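Student: Dropping in data.cif, with mmCIF, C-alpha atoms.
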data_data
loop_
_atom_site.label_atom_id
_atom_site.label_comp_id
_atom_site.auth_asym_id
_atom_site.auth_seq_id
_atom_site.Cartn_x
_atom_site.Cartn_y
_atom_site.Cartn_z
CA MET A 17 18.67 10.37 12.69
CA ASN A 18 16.98 7.32 11.15
CA ASP A 19 19.16 4.44 10.00
CA TYR A 20 18.38 3.22 6.48
CA THR A 21 21.47 1.08 5.94
CA HIS A 22 19.28 -2.03 5.67
CA ARG A 23 17.61 -0.43 2.63
CA LEU A 24 20.90 -0.09 0.75
CA GLY A 25 22.38 -2.53 -1.71
CA THR A 26 25.29 -2.51 -4.13
CA ALA A 27 25.65 -3.33 -7.80
CA THR A 28 29.05 -3.96 -9.34
CA LEU A 29 28.86 -2.67 -12.91
CA SER A 30 31.28 -4.34 -15.29
CA VAL A 31 32.24 -3.03 -18.73
CA THR A 32 33.72 -5.89 -20.70
CA GLY A 33 36.34 -5.71 -23.41
CA SER A 34 39.57 -3.79 -23.88
CA ASN A 35 37.81 -0.44 -23.36
CA GLY A 36 36.57 -1.46 -19.90
CA PRO A 37 39.01 0.48 -17.70
CA GLY A 38 38.26 4.21 -17.42
CA THR A 39 34.84 3.96 -19.11
CA PRO A 40 32.32 6.67 -18.14
CA VAL A 41 28.98 5.22 -17.03
CA SER A 42 25.79 7.26 -16.50
CA VAL A 43 23.60 5.84 -13.73
CA GLU A 44 20.07 6.83 -12.75
CA GLN A 45 17.45 5.40 -10.44
CA VAL A 46 14.10 4.52 -12.01
CA ALA A 47 11.98 3.10 -9.20
CA HIS A 48 11.89 2.04 -5.56
CA SER A 49 11.33 -1.55 -4.47
CA VAL A 50 9.49 -0.32 -1.37
CA GLY A 51 5.86 0.58 -1.94
CA ILE A 52 4.94 4.26 -1.84
CA GLY A 53 1.21 3.81 -2.21
CA ASN A 54 -2.12 5.56 -2.32
CA ILE A 55 -5.69 4.61 -3.11
CA GLY A 56 -6.79 4.96 -6.72
CA PHE A 57 -10.43 5.82 -6.05
CA GLU A 58 -10.06 9.42 -7.23
CA LEU A 59 -8.62 8.38 -10.59
CA MET A 60 -11.21 5.76 -11.47
CA ASP A 61 -13.01 8.01 -13.96
CA VAL A 62 -9.76 8.20 -15.94
CA ALA A 63 -8.35 4.73 -15.29
CA ALA A 64 -11.56 2.73 -15.65
CA ASP A 65 -13.98 4.92 -17.58
CA GLY A 66 -11.67 6.50 -20.13
CA ALA A 67 -12.40 10.08 -19.10
CA PRO A 68 -9.91 12.76 -20.15
CA ALA A 69 -6.92 12.97 -17.83
CA SER A 70 -7.71 15.01 -14.74
CA ASP A 71 -5.37 17.39 -12.95
CA LEU A 72 -4.69 14.61 -10.43
CA VAL A 73 -3.06 12.13 -12.81
CA GLU A 74 0.36 13.69 -13.30
CA PRO A 75 1.11 14.52 -9.66
CA PHE A 76 -0.19 11.09 -8.55
CA LEU A 77 2.00 9.15 -10.99
CA ALA A 78 4.99 11.34 -10.18
CA LEU A 79 4.93 10.35 -6.50
CA PHE A 80 3.33 6.92 -6.04
CA ASN A 81 4.44 3.52 -7.32
CA GLN A 82 1.66 1.45 -5.75
CA VAL A 83 -2.13 1.80 -5.84
CA THR A 84 -4.93 0.20 -3.84
CA LEU A 85 -8.13 -0.48 -5.79
CA GLY A 86 -11.49 -0.81 -4.05
CA PHE A 87 -13.25 -4.17 -4.18
CA TYR A 88 -15.88 -3.40 -1.54
CA TRP A 89 -18.37 -6.17 -2.16
CA ARG A 90 -21.57 -4.10 -1.86
CA ILE A 91 -20.24 -1.57 -4.35
CA PHE A 92 -18.43 -4.05 -6.60
CA GLU A 93 -21.47 -6.33 -6.90
CA PRO A 94 -24.59 -4.25 -6.08
CA GLN A 95 -26.77 -6.87 -7.74
CA GLU A 96 -25.96 -10.53 -7.35
CA GLY A 97 -24.24 -11.93 -10.39
CA ALA A 98 -23.37 -8.51 -11.84
CA PRO A 99 -19.87 -7.67 -10.54
CA ASP A 100 -18.00 -4.63 -11.80
CA THR A 101 -15.20 -6.83 -13.11
CA GLU A 102 -14.54 -5.24 -16.50
CA ARG A 103 -14.31 -1.75 -15.06
CA LEU A 104 -11.82 -2.78 -12.39
CA LEU A 105 -9.80 -4.78 -14.91
CA LYS A 106 -9.47 -1.65 -17.04
CA ALA A 107 -8.37 0.35 -14.01
CA ALA A 108 -5.80 -2.24 -12.94
CA LYS A 109 -4.36 -2.38 -16.46
CA TRP A 110 -4.26 1.43 -16.69
CA PHE A 111 -2.16 1.66 -13.54
CA LYS A 112 0.03 -1.30 -14.38
CA ASP A 113 0.76 0.10 -17.84
CA ARG A 114 2.11 3.20 -16.09
CA GLY A 115 4.42 1.24 -13.82
CA VAL A 116 2.20 1.38 -10.74
CA ARG A 117 1.89 -1.83 -8.72
CA THR A 118 -1.69 -2.81 -7.91
CA LYS A 119 -3.34 -4.10 -4.75
CA GLY A 120 -6.97 -5.10 -4.15
CA HIS A 121 -8.88 -4.19 -0.98
CA PRO A 122 -10.54 -6.28 0.46
CA LEU A 123 -11.70 -9.80 -0.42
CA ALA A 124 -13.53 -10.44 2.87
CA TRP A 125 -15.00 -7.77 5.18
CA HIS A 126 -18.17 -7.40 7.20
CA THR A 127 -18.60 -3.71 6.38
CA LEU A 128 -20.11 -3.08 2.95
CA ALA A 129 -21.19 -6.70 2.57
CA PRO A 130 -24.00 -6.81 0.01
CA GLN A 131 -27.55 -6.30 1.21
CA TRP A 132 -28.77 -9.10 -1.03
CA LEU A 133 -26.81 -11.56 1.14
CA LEU A 134 -29.00 -10.87 4.18
CA GLY A 135 -31.47 -13.53 5.26
CA ARG A 136 -29.56 -16.50 3.90
CA ASP A 137 -28.50 -19.41 6.08
CA LEU A 138 -24.86 -19.42 7.12
CA ASP A 139 -23.86 -22.32 4.89
CA GLU A 140 -25.11 -20.35 1.89
CA VAL A 141 -23.35 -17.19 3.10
CA GLU A 142 -20.07 -19.10 3.42
CA LYS A 143 -20.48 -20.68 0.00
CA THR A 144 -21.23 -17.29 -1.59
CA LEU A 145 -18.28 -15.61 0.14
CA ARG A 146 -15.92 -18.33 -1.02
CA ALA A 147 -17.24 -17.99 -4.58
CA ARG A 148 -16.72 -14.21 -4.45
CA ILE A 149 -13.12 -14.58 -3.28
CA THR A 150 -12.41 -17.24 -5.89
CA ARG A 151 -13.92 -15.15 -8.66
CA GLU A 152 -11.94 -11.98 -7.90
CA ALA A 153 -8.63 -13.68 -7.11
CA SER A 154 -8.75 -15.69 -10.33
CA ALA A 155 -10.25 -13.07 -12.67
CA PHE A 156 -7.63 -10.47 -11.71
CA ALA A 157 -4.63 -12.82 -11.59
CA GLY A 158 -1.75 -11.20 -13.40
CA LEU A 159 -3.16 -7.70 -12.96
CA VAL A 160 -3.88 -7.79 -9.24
CA ASP A 161 -1.79 -10.37 -7.40
CA HIS A 162 -1.67 -8.52 -4.08
CA TRP A 163 -4.74 -8.46 -1.81
CA ASP A 164 -5.96 -7.54 1.62
CA ALA A 165 -7.41 -11.03 1.99
CA ILE A 166 -9.51 -10.16 5.04
CA ASN A 167 -10.09 -6.81 6.69
CA GLU A 168 -10.62 -6.10 10.39
CA ALA A 169 -11.12 -9.70 11.48
CA VAL A 170 -10.58 -8.80 15.14
CA ILE A 171 -13.93 -7.04 15.48
CA MET A 172 -15.71 -9.07 12.79
CA PRO A 173 -17.60 -11.37 15.18
CA ARG A 174 -18.66 -8.50 17.46
CA PHE A 175 -19.42 -5.84 14.89
CA THR A 176 -22.77 -4.14 15.65
CA ALA A 177 -22.71 -0.83 13.75
CA GLU A 178 -24.60 -2.37 10.84
CA TYR A 179 -26.42 -5.65 10.41
CA ASN A 180 -24.63 -7.76 7.83
CA ALA A 181 -24.37 -11.38 6.75
CA ILE A 182 -20.64 -11.80 7.43
CA THR A 183 -20.60 -11.12 11.18
CA PRO A 184 -22.91 -14.09 12.00
CA LEU A 185 -20.65 -16.30 9.89
CA ALA A 186 -17.63 -15.06 11.86
CA GLN A 187 -19.48 -15.80 15.10
CA LYS A 188 -20.06 -19.36 13.90
CA LEU A 189 -16.57 -20.06 12.52
CA GLY A 190 -14.47 -17.88 14.81
CA ARG A 191 -11.79 -15.40 13.80
CA VAL A 192 -9.06 -17.90 12.93
CA GLU A 193 -11.29 -19.94 10.65
CA MET A 194 -12.56 -16.78 8.95
CA VAL A 195 -8.96 -15.85 8.23
CA ARG A 196 -8.29 -19.37 6.97
CA LEU A 197 -11.36 -19.20 4.73
CA ALA A 198 -10.16 -15.96 3.10
CA PHE A 199 -6.50 -16.92 2.74
CA ASP A 200 -6.92 -20.51 1.62
CA THR A 201 -9.68 -19.68 -0.86
CA ALA A 202 -7.72 -16.81 -2.41
CA ARG A 203 -4.49 -18.80 -2.57
CA GLU A 204 -6.20 -21.74 -4.24
CA ALA A 205 -7.65 -19.37 -6.86
CA ASN A 206 -4.31 -17.62 -7.42
CA PRO A 207 -1.27 -19.46 -6.04
CA ASN A 208 0.92 -16.48 -6.93
CA ALA A 209 -1.10 -14.02 -4.87
CA LYS A 210 0.44 -12.06 -2.00
CA LEU A 211 -2.14 -12.09 0.79
CA VAL A 212 -2.32 -9.61 3.65
CA LEU A 213 -4.09 -9.70 7.01
CA ASN A 214 -5.23 -6.12 7.59
CA ASP A 215 -6.58 -4.39 10.72
CA PHE A 216 -6.97 -1.05 12.44
CA LEU A 217 -6.91 -2.40 16.00
CA LEU A 218 -3.16 -2.34 16.54
CA THR A 219 -3.32 -3.86 20.01
CA GLU A 220 -2.31 -7.12 21.65
CA GLU A 221 -5.69 -8.51 20.57
CA TYR A 222 -4.63 -8.27 16.92
CA ALA A 223 -1.21 -9.67 17.79
CA GLN A 224 -2.90 -12.62 19.49
CA LEU A 225 -5.02 -13.28 16.41
CA ILE A 226 -1.88 -13.32 14.26
CA GLU A 227 -0.20 -15.72 16.66
CA ASP A 228 -3.25 -17.98 16.65
CA CYS A 229 -3.46 -17.96 12.85
CA LEU A 230 0.20 -18.82 12.43
CA ALA A 231 -0.11 -21.59 15.00
CA ALA A 232 -3.06 -22.94 12.99
CA GLY A 233 -0.85 -23.19 9.91
CA ILE A 234 -2.29 -20.27 7.96
CA GLN A 235 0.24 -18.74 5.56
CA ILE A 236 0.16 -14.97 6.01
CA ASP A 237 2.35 -13.10 3.53
CA ALA A 238 2.26 -9.69 5.21
CA LEU A 239 0.61 -7.86 8.10
CA GLY A 240 -1.47 -4.77 7.35
CA LEU A 241 -1.41 -1.96 9.90
CA GLN A 242 -3.97 0.83 9.49
CA THR A 243 -2.88 4.23 10.82
CA HIS A 244 -5.64 6.75 10.25
CA MET A 245 -4.59 9.74 12.36
CA HIS A 246 -7.50 12.18 12.19
CA GLN A 247 -7.06 12.85 15.91
CA GLY A 248 -3.36 13.58 15.70
CA PHE A 249 -0.02 12.03 14.81
CA ARG A 250 0.76 8.93 16.85
CA GLY A 251 4.37 10.00 17.31
CA GLU A 252 7.64 8.12 17.09
CA ASP A 253 7.26 6.37 20.45
CA GLU A 254 3.85 4.88 19.65
CA LEU A 255 4.97 3.91 16.16
CA GLY A 256 7.96 2.22 17.73
CA GLU A 257 5.68 0.22 20.01
CA ILE A 258 3.53 -0.82 17.04
CA LEU A 259 6.60 -1.87 15.08
CA GLU A 260 7.89 -3.89 18.02
CA ARG A 261 4.50 -5.52 18.67
CA PHE A 262 4.04 -6.72 15.10
CA GLY A 263 7.65 -7.00 14.02
CA LYS A 264 8.15 -9.90 16.42
CA PHE A 265 6.42 -12.20 13.92
CA GLY A 266 9.15 -11.62 11.33
CA LEU A 267 6.59 -10.99 8.58
CA PRO A 268 6.65 -8.06 6.15
CA LEU A 269 4.76 -5.07 7.53
CA GLN A 270 2.55 -2.80 5.47
CA PHE A 271 1.18 0.49 6.75
CA THR A 272 -1.96 0.15 4.69
CA GLU A 273 -4.17 3.14 5.51
CA THR A 274 -2.38 6.29 6.60
CA THR A 275 -3.97 9.72 7.00
CA LEU A 276 -2.68 12.93 8.59
CA VAL A 277 -4.90 15.99 8.82
CA SER A 278 -3.92 19.47 7.61
CA GLY A 279 -6.66 21.28 9.51
CA GLU A 280 -8.33 21.12 12.89
CA LEU A 281 -7.94 17.71 14.49
CA MET A 282 -10.90 15.47 15.21
CA PRO A 283 -11.83 15.58 18.93
CA GLU A 284 -10.21 12.81 20.97
CA HIS A 285 -13.51 11.65 22.50
CA ILE A 286 -14.66 10.28 19.11
CA VAL A 287 -14.27 6.48 19.24
CA ASP A 288 -15.63 5.50 15.82
CA LEU A 289 -14.18 7.97 13.31
CA ASN A 290 -17.30 7.53 11.16
CA ASP A 291 -19.34 9.24 13.89
CA TYR A 292 -17.65 12.59 13.25
CA GLN A 293 -19.81 14.63 10.92
CA VAL A 294 -19.09 18.26 10.01
CA ASP A 295 -20.37 20.38 7.12
CA ASP A 296 -16.99 21.90 6.38
CA TRP A 297 -13.54 20.77 7.49
CA PRO A 298 -11.04 23.19 5.97
CA SER A 299 -7.32 22.88 5.48
CA THR A 300 -5.38 25.66 7.20
CA PRO A 301 -1.88 27.10 6.65
CA GLU A 302 -0.85 26.08 10.16
CA GLY A 303 -2.34 22.63 9.72
CA GLU A 304 -0.57 22.16 6.39
CA GLU A 305 2.81 22.90 7.94
CA ARG A 306 2.06 20.47 10.74
CA GLN A 307 0.93 17.80 8.27
CA ALA A 308 4.12 18.17 6.22
CA ASP A 309 6.28 17.75 9.31
CA GLU A 310 4.28 14.70 10.39
CA ILE A 311 4.50 13.15 6.93
CA LEU A 312 8.29 13.36 7.16
CA ARG A 313 8.32 11.92 10.68
CA HIS A 314 5.86 9.11 9.93
CA TYR A 315 7.44 7.84 6.72
CA SER A 316 10.98 8.24 8.07
CA THR A 317 10.16 6.35 11.25
CA VAL A 318 8.39 3.38 9.71
CA PHE A 319 10.78 2.89 6.78
CA ALA A 320 13.67 2.85 9.22
CA HIS A 321 12.31 -0.54 10.34
CA PRO A 322 13.66 -3.37 8.16
CA LEU A 323 10.36 -5.27 7.94
CA VAL A 324 8.30 -2.38 6.58
CA GLU A 325 7.80 -2.88 2.85
CA SER A 326 5.17 -0.26 2.03
CA VAL A 327 3.16 2.71 3.22
CA THR A 328 -0.18 3.44 1.56
CA TYR A 329 -1.78 6.81 2.14
CA TRP A 330 -5.60 6.88 2.17
CA GLY A 331 -6.45 9.62 -0.31
CA PHE A 332 -4.80 12.13 -2.56
CA CYS A 333 -6.89 15.30 -2.94
CA ASP A 334 -9.13 17.03 -0.39
CA ARG A 335 -12.03 16.90 -2.86
CA GLU A 336 -12.80 13.27 -2.06
CA MET A 337 -11.11 12.39 1.23
CA TRP A 338 -12.70 9.91 3.61
CA LEU A 339 -14.91 11.71 6.17
CA GLY A 340 -14.37 14.96 4.26
CA ALA A 341 -11.13 15.43 6.16
CA PRO A 342 -8.47 17.86 4.91
CA ALA A 343 -5.92 15.07 4.82
CA GLY A 344 -4.90 14.92 1.16
CA PHE A 345 -1.61 15.84 -0.45
CA LEU A 346 -3.49 18.29 -2.68
CA ARG A 347 -5.99 20.99 -1.79
CA LYS A 348 -9.47 20.97 -3.26
CA ASP A 349 -8.26 23.22 -6.10
CA GLY A 350 -5.60 20.63 -7.01
CA SER A 351 -2.64 22.66 -5.77
CA PRO A 352 -0.02 20.72 -3.78
CA LYS A 353 0.24 21.17 -0.04
CA PRO A 354 3.63 21.23 1.69
CA ALA A 355 3.02 17.54 2.48
CA TYR A 356 3.42 16.67 -1.20
CA GLU A 357 6.84 18.29 -1.39
CA ALA A 358 7.77 16.75 1.96
CA LEU A 359 7.10 13.18 0.84
CA ASP A 360 8.71 13.83 -2.53
CA SER A 361 11.83 15.11 -0.74
CA LEU A 362 12.17 11.66 0.81
CA VAL A 363 11.09 9.46 -2.10
CA HIS A 364 13.04 11.30 -4.80
CA GLY A 365 15.53 13.08 -2.58
CA GLU A 366 16.95 11.52 0.54
CA TRP A 367 16.08 7.97 -0.55
CA TRP A 368 16.93 8.42 -4.26
CA LEU A 369 20.12 8.18 -6.26
CA SER A 370 20.33 11.30 -8.40
CA PRO A 371 21.60 10.85 -11.98
CA THR A 372 25.33 10.45 -11.65
CA GLU A 373 28.45 9.83 -13.72
CA VAL A 374 30.93 7.16 -12.59
CA VAL A 375 34.07 5.78 -14.17
CA THR A 376 35.21 2.17 -14.17
CA GLY A 377 38.50 1.28 -12.53
CA GLU A 378 41.44 -0.64 -13.90
CA ASP A 379 39.49 -3.88 -13.71
CA GLY A 380 36.62 -2.41 -15.75
CA THR A 381 34.20 -2.31 -12.83
CA VAL A 382 32.62 0.30 -10.61
CA ASN A 383 30.35 -0.08 -7.59
CA VAL A 384 27.02 1.76 -7.28
CA SER A 385 25.07 1.85 -4.03
CA GLY A 386 21.48 2.90 -3.41
CA TRP A 387 18.09 1.99 -2.01
CA GLY A 388 16.64 -1.23 -3.32
CA GLY A 389 14.99 -0.59 -6.66
CA THR A 390 15.37 -0.38 -10.42
CA TYR A 391 18.26 1.50 -12.04
CA ARG A 392 19.61 2.23 -15.52
CA ALA A 393 23.23 2.41 -16.60
CA THR A 394 24.21 3.91 -19.96
CA VAL A 395 27.54 3.30 -21.72
CA ASP A 396 28.19 4.79 -25.19
CA GLY A 397 24.48 5.27 -25.80
CA THR A 398 23.50 1.72 -24.78
CA THR A 399 21.30 1.47 -21.70
CA THR A 400 21.04 -1.54 -19.38
CA GLU A 401 18.36 -1.79 -16.70
CA PHE A 402 19.34 -3.53 -13.48
CA THR A 403 18.12 -4.09 -9.94
CA ILE A 404 19.72 -3.26 -6.64
CA GLU A 405 18.43 -5.45 -3.84
CA SER A 406 18.44 -4.13 -0.28
CA GLY A 407 21.18 -5.72 1.78
CA LYS A 408 22.69 -7.54 -1.17
CA ALA A 409 25.50 -7.18 -3.69
CA THR A 410 24.83 -8.00 -7.34
CA ALA A 411 26.96 -8.11 -10.47
CA VAL A 412 25.80 -6.44 -13.69
CA GLU A 413 27.48 -6.74 -17.08
CA LEU A 414 27.17 -3.70 -19.32
CA ALA A 415 27.47 -3.74 -23.08
#
Please lay out the structure from this file as structure tokens.
Tutor:
Amino acid sequence: MNDYTHRLGTATLSVTGSNGPGTPVSVEQVAHSVGIGNIGFELMDVAADGAPASDLVEPFLALFNQVTLGFYWRIFEPQEGAPDTERLLKAAKWFKDRGVRTKGHPLAWHTLAPQWLLGRDLDEVEKTLRARITREASAFAGLVDHWDAINEAVIMPRFTAEYNAITPLAQKLGRVEMVRLAFDTAREANPNAKLVLNDFLLTEEYAQLIEDCLAAGIQIDALGLQTHMHQGFRGEDELGEILERFGKFGLPLQFTETTLVSGELMPEHIVDLNDYQVDDWPSTPEGEERQADEILRHYSTVFAHPLVESVTYWGFCDREMWLGAPAGFLRKDGSPKPAYEALDSLVHGEWWLSPTEVVTGEDGTVNVSGWGGTYRATVDGTTTEFTIESGKATAVELA
């Protein structure tokens, strides 16, 4: 049984005046403080382009409170000087208007670096990269204040799958200075930004890079841990090892890219997941039951750790999943898989305070406990919104 006591907080609700004692109070939870995230790529036609609402919108908004938007440089700026800024601004505003927290991914990465950057000397590449980071971090300030500042820095200097202009720069500067470049440039452009170091290589090599960066005085706001599991669920023991390896730094942990397959698993001999190519990769009834069970186990295990602040799943519907994998929460026809109900049973079930009626005591107060998040209390038709903070006790005056 997972221990979530560190997620709980208490609010003391106080009804003032002579009618305070014995006052009925209706309490309901509105939102979680932890991030239950997904990528927003599949909703861009609605969020950014103004298309009619698709069948994905309602189930997405009903389950997720955080969204990752794609800022892949080659796609975002296919021609130099013509970034897709306005479209992404519209998307960020669309999500934020609906109460969904936004995150940008990524500011610096060797993969999907623009082709027009090739052939330039390294000083020019560095100057252009800094300008790109500055432009995005400043232009989106207020709408996107949370970024994967640099992605997969561990392999950046030795990346050989595709020739790009960023890897030679990383070879010149080294990993630590590449991280410093991304973090310092973004923070200067937006001092309020939350900046994440993100990687898929969850080994001691990544841990060493983190240690080196911290020793070099780089301010890292959170550590991103990718957990694509196309070859099978990592299991509680391996997740525990990952949490121990990266929890030792005392920084917030984000599981940034999670996938669990609801069909046949990718063969274990595949090293680079991008090398697996199949014409059809169907979801199966047996696979869907397995996926639902693994969703419960994965989310329950990682959120039981006090440093984990968010889990972002990498895709929503099987129509557009990375690698064509049957790893979404919805089937290609838009119908929910058991995994959708499984995650919802945690987010809005086990971890959620159902609407409840409480009554103040003789002193006009009553205590309410729940997961950290936003709540509403209603007394005689007047509603007050308040926050419960994990591990803390707060006082709230009601009208």
Student: Apply the PyMOL selection byres ((chain A and resi 375) around 12) to the file shown and report the selected residues as a PyMOL selection string.
Tutor: chain A and resi 28-31+35-43+372-374+376-384+393-395
Student: Hey, can you check how far atom CA of A:Lys106 sits from atom CA of A:Ala63?
Tutor: 6.7 Å
Student: Which residues, named as in the file, does the PyMOL selection byres ((chain A and resi 300) around 8) pick out? Answer as a PyMOL selection string.
Tutor: chain A and resi 278-280+298-299+301-304
Student: Do you know which residues the PyMOL selection byres ((chain A and resi 404) around 10) returns on this file, as a list in words?
Tutor: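 Here the PyMOL selection byres ((chain A and resi 404) around 10) matches Arg23, Leu24, Gly25, Thr26, Ala27, Thr28, Gln45, His48, Ser49, Val384, Ser385, Gly386, Trp387, Gly388, Gly389, Thr390, Tyr391, Phe402, Thr403, Glu405, Ser406, Gly407, Lys408, Ala409, Thr410, Ala411 and Val412 of chain A.
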Student: Tell me, in Å to one decimal, how far atom CA of A:Val141 is from atom CA of A:Arg191.
Tutor: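 One can read the atom CA of A:Val141 to atom CA of A:Arg191 distance as 15.9 Å.
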Student: Which residue gives the smallest distance to A:Asp65 among A:Ala169, A:Leu255, A:Leu105, A:Val294, with all atoms listed in the file counted?
Tutor: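 Under the stated criterion, the closest residue is A:Leu105.
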Student: Which value, in Å to one decimal, gives the distance between atom CA of A:Leu269 and atom CA of A:Tyr88?
Tutor: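 Result for atom CA of A:Leu269 versus atom CA of A:Tyr88: 22.6 Å, one decimal.
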Student: Point out the residue among A:Pro268, A:Pro122, A:Pro99, A:Gly397 with the least atom-to-atom distance to A:Val50, counting all atoms listed in the file.
Tutor: A:Pro268
Student: With distances taken over only C-alpha atoms, which of A:Glu93, A:Asp228, A:Glu254, A:Asp396 is nearest to A:Val318?
Tutor: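 Selected residue with least distance to A:Val318: A:Glu254.
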Student: My list of candidates is A:Glu142, A:Glu96, A:Glu178, A:Asp113. Which is closest to A:Leu159 when distances are computed with only C-alpha atoms?
Tutor: A:Asp113
Student: Name all residues at most 7 Å from stretch 126-133 of chain A (count all atoms listed in the file; drop same-chain ones fewer than 6 positions away) and give them as a compact mmCIF listing (two decimals) with C-alpha atoms, in the coordinates of the input.
Tutor:
# COMPACT_ATOMS: atom_id res chain seq x y z
CA TYR A 88 -15.88 -3.40 -1.54
CA TRP A 89 -18.37 -6.17 -2.16
CA ARG A 90 -21.57 -4.10 -1.86
CA PRO A 94 -24.59 -4.25 -6.08
CA VAL A 141 -23.35 -17.19 3.10
CA MET A 172 -15.71 -9.07 12.79
CA ASN A 180 -24.63 -7.76 7.83
CA ALA A 181 -24.37 -11.38 6.75
CA ILE A 182 -20.64 -11.80 7.43
CA THR A 183 -20.60 -11.12 11.18
Student: With distances taken over only C-alpha atoms, which of A:Ala231, A:Ile236, A:Leu276, A:Met60 is nearest to A:Ala107?
Tutor: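 The closest residue to A:Ala107 is A:Met60.
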Student: Just give me the residues with any atom within 12 Å of (-16.7, -17.1, 16.0), file coordinates, counting only C-alpha atoms, written as a PyMOL selection string.
Tutor: chain A and resi 169-175+182-195
Student: Can you work out which one of A:Leu414, A:Ala98, A:Ala358, A:Ile226 has the shortest atom-to-atom distance to A:Asp309, counting only C-alpha atoms?
Tutor: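 Of all the options, A:Ala358 lies closest to A:Asp309.
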Student: Write out as an MDAnalysis selection string the residues lying within 7 Å of A:Ala202, counting only C-alpha atoms and excluding same-chain residues fewer than 4 positions away.
Tutor: chainID A and resid 149:150 153 198 206
Student: Counting all atoms listed in the file, I want the residues whose atoms come within 10 Å of (2.6, -10.3, -7.9) in the file frame, returned as a list in words.
Tutor: Arg117, Thr118, Lys119, Ala157, Gly158, Leu159, Val160, Asp161, His162, Trp163, Asn208, Ala209 and Lys210 of chain A
Student: List as a list in words the protein and nucleic acid residues near A:Leu77, meaning an atom at most 12 Å away when only C-alpha atoms are counted, but skip any in the same chain fewer than 3 places from it.
Tutor: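 What passes the distance filter is Ala47, Ile52, Gly53, Asn54, Ile55, Gly56, Leu59, Ala69, Ser70, Asp71, Leu72, Val73, Glu74, Phe80, Asn81, Gln82, Val83, Trp110, Phe111, Lys112, Asp113, Arg114, Gly115, Val116, Arg117, Phe332 and Asp360 of chain A.
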Student: Can you tell me, as a PyMOL selection string, what residues are no more than 9 Å from A:Asp200 when counting all atoms listed in the file, ignoring any on the same chain fewer than 5 positions away?
Tutor: chain A and resi 195+205+234-235
